Amino acid sequence: MRRKSVALVMAAATALSLMAGSGVSALADEETVELTMWGGWAGDQIGQLEKQLEGFNNSQDKIHVTYMAQDSMEQKLLTAIASDEVPDIVLWDRFNTSVYAPKGALMALDDYVEKDSIDLDQFYEPAVDELRSGDNLYGIPLTVDTRIIFYNKDLLEEAGVDPASITDWNSLEEAAVKLTKWDGNVLEQSGFSMKDVGLFNNWIAQAGGQMIDDTTNPPTTAFNSEAGLTVLEYWNKLLNEDKVYQLGFEDGLGGDGFKAGKVAMTFNGPWVLEQYKEAGLNFGVIGQPKGPSGDMHAMMGGFGLAIPNKAKHADEAWEFIKWWTTQPENGVEFCKISGNMPANKAAAEDPYFADDDVFEVFTEAYTYAGIRSKVLGYSDVEGLALIPQLQKYVAGEISAEEALANAQSQGDSILAEAAQQ
């Protein structure tokens, strides 16, 4: 009996040794790898993500993913990396890649892409480009979004405005004037929302200009230009001559005058579709208007999935990312849940989108949409230098020339400092 027990122990030890030598854990077939995904999505979006993760978790029994919402996720990620307590996956705003990839926040995915022969052409090219920093790719595109014009069908019909006639800045202005209602000094209905000066980057592209000149070393701002002045002069005409909008008008309307039925037209993205439907709005959409350049321009945003630097389960995280992004049916399913649009072009061609009048306009916009600049410091140029000056301009505190000149001075300093880091 004793000799038989020893033999059994030795056989088991040999089997374990062979498994270890081959890089296979003896418990690999029995244990589920638990992954954590961080993201900034909160509120109702948590339920949307959990439903999608449930689909993945039920599709196999090797990996289980749990979502954890995080405020200020990008900064928390750097802290987590320093303490070796990182999540396995991050739901990543692609715009942040150029800032945080050079800081070591993300793992380059090029080897995974090459090993599994992932065709990056299956995604919208600008979305892939936004996840690149230097020579490396730091994520796989998940969703895409952009702004187009939402219009209230009932208000346009009442004013006798044909939405098909709104094709450029001039016709947009004409329609906005017809759709605006004042009672003395009280604005009752705005023809066109102008609450978001952060869309300047979209307007200046339509005017034939650009935000950044990246041919210089270091890069410099380029918005203090004839095109930039053209944008601000157009804004001034809408606000102060045509009076189609009044600053603060939407503050007492829950922040969204269109949803409240008091704004006839507004720029917005696919993330509001479910909200507007639930509000019972009778709305339609049209593409971006052509500006003085004669071309249509839009800015593409959206999210990707990335693996943090020092992630402990990178291989399993990559399997999850592939499941969600490279299998079109999974991208379509999430968009049905969340109202987002997929970055995978095959998913975007699904009848769910192709046969929908609203999604069709968004899909068309992605063909002429570009991304924001990836130069280091760009986000601060917008957030700290330009937008505050534009807010002062629309409030009538400074001139257009002063706003652009001040923003240029501050913005160029930000870019020069970023280039030295």
# chains A, B, ... in the order shown; residues from 1 in each chain; ligands from 1
>>> closest_atom_pairs(of="range 364-399 of chain A", to="range 205-211 of chain A", cutoff="12 Å", atoms="only C-alpha atoms", output="JSON lines")
{"residue": "A:Tyr368", "atom": "CA", "partner": "A:Gln206", "partner_atom": "CA", "distance": 11.2}
{"residue": "A:Ala369", "atom": "CA", "partner": "A:Ala205", "partner_atom": "CA", "distance": 10.3}
{"residue": "A:Gly370", "atom": "CA", "partner": "A:Ala205", "partner_atom": "CA", "distance": 9.7}
{"residue": "A:Ile371", "atom": "CA", "partner": "A:Ala205", "partner_atom": "CA", "distance": 11.1}
{"residue": "A:Arg372", "atom": "CA", "partner": "A:Met211", "partner_atom": "CA", "distance": 8.5}
{"residue": "A:Ser373", "atom": "CA", "partner": "A:Met211", "partner_atom": "CA", "distance": 7.7}
{"residue": "A:Lys374", "atom": "CA", "partner": "A:Met211", "partner_atom": "CA", "distance": 11.2}
{"residue": "A:Val375", "atom": "CA", "partner": "A:Met211", "partner_atom": "CA", "distance": 10.9}
{"residue": "A:Tyr378", "atom": "CA", "partner": "A:Met211", "partner_atom": "CA", "distance": 9.2}
{"residue": "A:Ser379", "atom": "CA", "partner": "A:Met211", "partner_atom": "CA", "distance": 11.3}
{"residue": "A:Val381", "atom": "CA", "partner": "A:Met211", "partner_atom": "CA", "distance": 9.6}
{"residue": "A:Glu382", "atom": "CA", "partner": "A:Met211", "partner_atom": "CA", "distance": 9.2}
{"residue": "A:Leu386", "atom": "CA", "partner": "A:Met211", "partner_atom": "CA", "distance": 10.1}
>>> write_last_selection(atoms="C-alpha atoms", output="compact mmCIF listing (two decimals), in the first residue's frame")
# COMPACT_ATOMS: atom_id res chain seq x y z
CA TYR A 368 -16.17 63.79 -43.29
CA ALA A 369 -15.35 63.94 -39.57
CA GLY A 370 -11.84 64.37 -38.23
CA ILE A 371 -10.30 64.27 -34.77
CA ARG A 372 -8.94 66.99 -32.55
CA SER A 373 -5.22 67.68 -32.54
CA LYS A 374 -3.00 65.15 -30.82
CA VAL A 375 -0.12 67.53 -30.01
CA TYR A 378 -3.85 70.59 -26.89
CA SER A 379 -6.61 69.79 -24.42
CA VAL A 381 -5.16 74.95 -25.00
CA GLU A 382 -8.89 74.46 -25.48
CA LEU A 386 -9.39 79.36 -25.66
>>> select_by_dssp(residues="range 177-417 of chain A", states="alpha helix (DSSP H)", output="PyMOL selection string")
chain A and resi 177-178+200-206+226-236+273-278+314-325+328-338+345-348+351-354+357-365+378-380+387-394+400-417
>>> closest_residue(among="A:Tyr138, A:Trp235, A:Trp92, A:Tyr366", to="Asp111 in chain A", atoms="only C-alpha atoms")
A:Tyr138
>>> residues_around(residues="Asp88 in chain A", least_positions_apart="6", cutoff="9 Å", atoms="only C-alpha atoms", output="VMD selection string")
chain A and resid 35 to 38 306 to 314 316 to 317
>>> select_by_dssp(residues="range 249-281 of chain A", states="strand (DSSP E)", output="PyMOL selection string")
chain A and resi 265-268
>>> closest_residue(among="A:Leu273, A:Ile204, A:Ala419, A:Leu179", to="Glu158 in chain A", atoms="only C-alpha atoms")
A:Leu179
>>> residues_around(residues="Lys336 in chain A", least_positions_apart="3", cutoff="12 Å", atoms="only C-alpha atoms", output="list of chain:residue names")
A:Gln48, A:Leu49, A:Lys51, A:Gln52, A:Pro270, A:Trp271, A:Leu273, A:Glu274, A:Glu329, A:Asn330, A:Gly331, A:Val332, A:Glu333, A:Gly339, A:Asn340, A:Met341, A:Pro342, A:Ala347, A:Ala348, A:Asp350, A:Pro351, A:Tyr352, A:Phe353, A:Phe359
>>> write_last_selection(atoms="C-alpha atoms", output="mmCIF file, in the first residue's frame")
data_model
loop_
_atom_site.group_PDB
_atom_site.id
_atom_site.type_symbol
_atom_site.label_atom_id
_atom_site.label_comp_id
_atom_site.auth_asym_id
_atom_site.auth_seq_id
_atom_site.Cartn_x
_atom_site.Cartn_y
_atom_site.Cartn_z
ATOM 1 C CA GLN A 48 -25.900 49.589 -19.937
ATOM 2 C CA LEU A 49 -22.308 48.465 -19.447
ATOM 3 C CA LYS A 51 -25.739 44.296 -19.476
ATOM 4 C CA GLN A 52 -23.022 44.165 -22.149
ATOM 5 C CA PRO A 270 -26.089 60.223 -30.532
ATOM 6 C CA TRP A 271 -25.889 60.001 -26.749
ATOM 7 C CA LEU A 273 -31.270 59.962 -28.695
ATOM 8 C CA GLU A 274 -32.894 57.895 -25.976
ATOM 9 C CA GLU A 329 -22.723 41.674 -33.640
ATOM 10 C CA ASN A 330 -21.417 42.516 -30.158
ATOM 11 C CA GLY A 331 -20.853 46.136 -31.121
ATOM 12 C CA VAL A 332 -24.382 46.366 -32.511
ATOM 13 C CA GLU A 333 -25.837 44.847 -29.359
ATOM 14 C CA GLY A 339 -27.680 54.548 -28.020
ATOM 15 C CA ASN A 340 -24.023 54.869 -28.990
ATOM 16 C CA MET A 341 -22.672 54.096 -32.445
ATOM 17 C CA PRO A 342 -19.982 51.491 -33.150
ATOM 18 C CA ALA A 347 -21.293 46.939 -37.234
ATOM 19 C CA ALA A 348 -22.258 50.442 -38.414
ATOM 20 C CA ASP A 350 -26.025 46.714 -39.735
ATOM 21 C CA PRO A 351 -29.680 47.353 -40.710
ATOM 22 C CA TYR A 352 -30.281 48.652 -37.182
ATOM 23 C CA PHE A 353 -28.305 51.743 -38.217
ATOM 24 C CA PHE A 359 -28.385 56.993 -37.566
#
>>> residues_around(residues="range 93-110 of chain A", least_positions_apart="3", cutoff="10 Å", atoms="only C-alpha atoms", output="ChimeraX atom specification")
/A:39-40,74-75,77-82,86,89-90,113-115,118,127-144,300-311,314,318,371-379,418,421
>>> atom_distance(atom1="CA of Ser225 in chain A", atom2="CA of Phe200 in chain A")
13.0 Å
>>> closest_residue(among="A:Asn202, A:Asp154, A:Asn57, A:Ser193", to="Lys290 in chain A", atoms="only C-alpha atoms")
A:Asn202
>>> closest_residue(among="A:Tyr124, A:Tyr234, A:Phe56, A:Trp203", to="Ala400 in chain A", atoms="only C-alpha atoms")
A:Tyr234
>>> residues_around(residues="range 167-169 of chain A", least_positions_apart="3", cutoff="8 Å", atoms="only C-alpha atoms", output="short mmCIF file (atom, residue, chain, number, x, y, z; two decimals) with N, CA, C and O atoms, in the first residue's frame")
data_model
loop_
_atom_site.label_atom_id
_atom_site.label_comp_id
_atom_site.auth_asym_id
_atom_site.auth_seq_id
_atom_site.Cartn_x
_atom_site.Cartn_y
_atom_site.Cartn_z
N ALA A 164 -34.65 70.49 -45.16
CA ALA A 164 -33.77 70.17 -46.29
C ALA A 164 -33.11 71.41 -46.87
O ALA A 164 -32.11 71.32 -47.58
N LEU A 172 -28.79 78.33 -42.40
CA LEU A 172 -28.97 78.06 -40.98
C LEU A 172 -29.40 79.33 -40.26
O LEU A 172 -30.32 79.31 -39.43
N GLU A 173 -28.76 80.44 -40.60
CA GLU A 173 -29.12 81.72 -39.99
C GLU A 173 -30.55 82.11 -40.36
O GLU A 173 -31.33 82.52 -39.48
N GLN A 288 -24.02 68.43 -40.81
CA GLN A 288 -23.34 69.70 -40.55
C GLN A 288 -23.54 70.66 -41.73
O GLN A 288 -23.53 70.24 -42.89
N PRO A 289 -23.71 71.96 -41.46
CA PRO A 289 -23.83 72.92 -42.55
C PRO A 289 -22.47 73.22 -43.16
O PRO A 289 -21.43 73.13 -42.49
N LYS A 290 -22.46 73.57 -44.41
CA LYS A 290 -21.22 73.99 -45.06
C LYS A 290 -20.91 75.42 -44.64
O LYS A 290 -21.78 76.28 -44.60
N GLY A 291 -19.65 75.65 -44.33
CA GLY A 291 -19.22 76.99 -43.96
C GLY A 291 -18.63 77.72 -45.16
O GLY A 291 -18.76 77.26 -46.31
N PRO A 292 -17.96 78.84 -44.93
CA PRO A 292 -17.33 79.60 -46.01
C PRO A 292 -16.32 78.81 -46.82
O PRO A 292 -16.02 79.15 -47.96
#
>>> closest_residue(among="A:Thr215, A:Arg147, A:Lys259, A:Ala343", to="His297 in chain A", atoms="only C-alpha atoms")
A:Arg147
>>> residues_around(residues="Gly261 in chain A", least_positions_apart="6", cutoff="9 Å", atoms="only C-alpha atoms", output="list in words")
Asn152, Leu155, Gln189 and Leu281 of chain A
>>> write_last_selection(atoms="N, CA, C and O atoms", output="PDB file, in the first residue's frame")
ATOM      1  N   ASN A 152     -36.584  70.385 -34.160  1.00  0.00           N
ATOM      2  CA  ASN A 152     -37.926  70.071 -33.694  1.00  0.00           C
ATOM      3  C   ASN A 152     -38.879  70.151 -34.891  1.00  0.00           C
ATOM      4  O   ASN A 152     -39.131  71.229 -35.423  1.00  0.00           O
ATOM      5  N   LEU A 155     -41.926  72.588 -34.549  1.00  0.00           N
ATOM      6  CA  LEU A 155     -41.607  74.014 -34.580  1.00  0.00           C
ATOM      7  C   LEU A 155     -41.215  74.463 -35.991  1.00  0.00           C
ATOM      8  O   LEU A 155     -41.576  75.564 -36.420  1.00  0.00           O
ATOM      9  N   GLN A 189     -38.724  81.530 -27.434  1.00  0.00           N
ATOM     10  CA  GLN A 189     -38.294  80.363 -28.206  1.00  0.00           C
ATOM     11  C   GLN A 189     -37.051  80.729 -28.992  1.00  0.00           C
ATOM     12  O   GLN A 189     -37.041  81.715 -29.731  1.00  0.00           O
ATOM     13  N   LEU A 281     -40.249  63.941 -27.826  1.00  0.00           N
ATOM     14  CA  LEU A 281     -39.973  64.964 -28.834  1.00  0.00           C
ATOM     15  C   LEU A 281     -40.174  64.418 -30.242  1.00  0.00           C
ATOM     16  O   LEU A 281     -39.782  63.296 -30.550  1.00  0.00           O
TER      17      LEU A 281
END
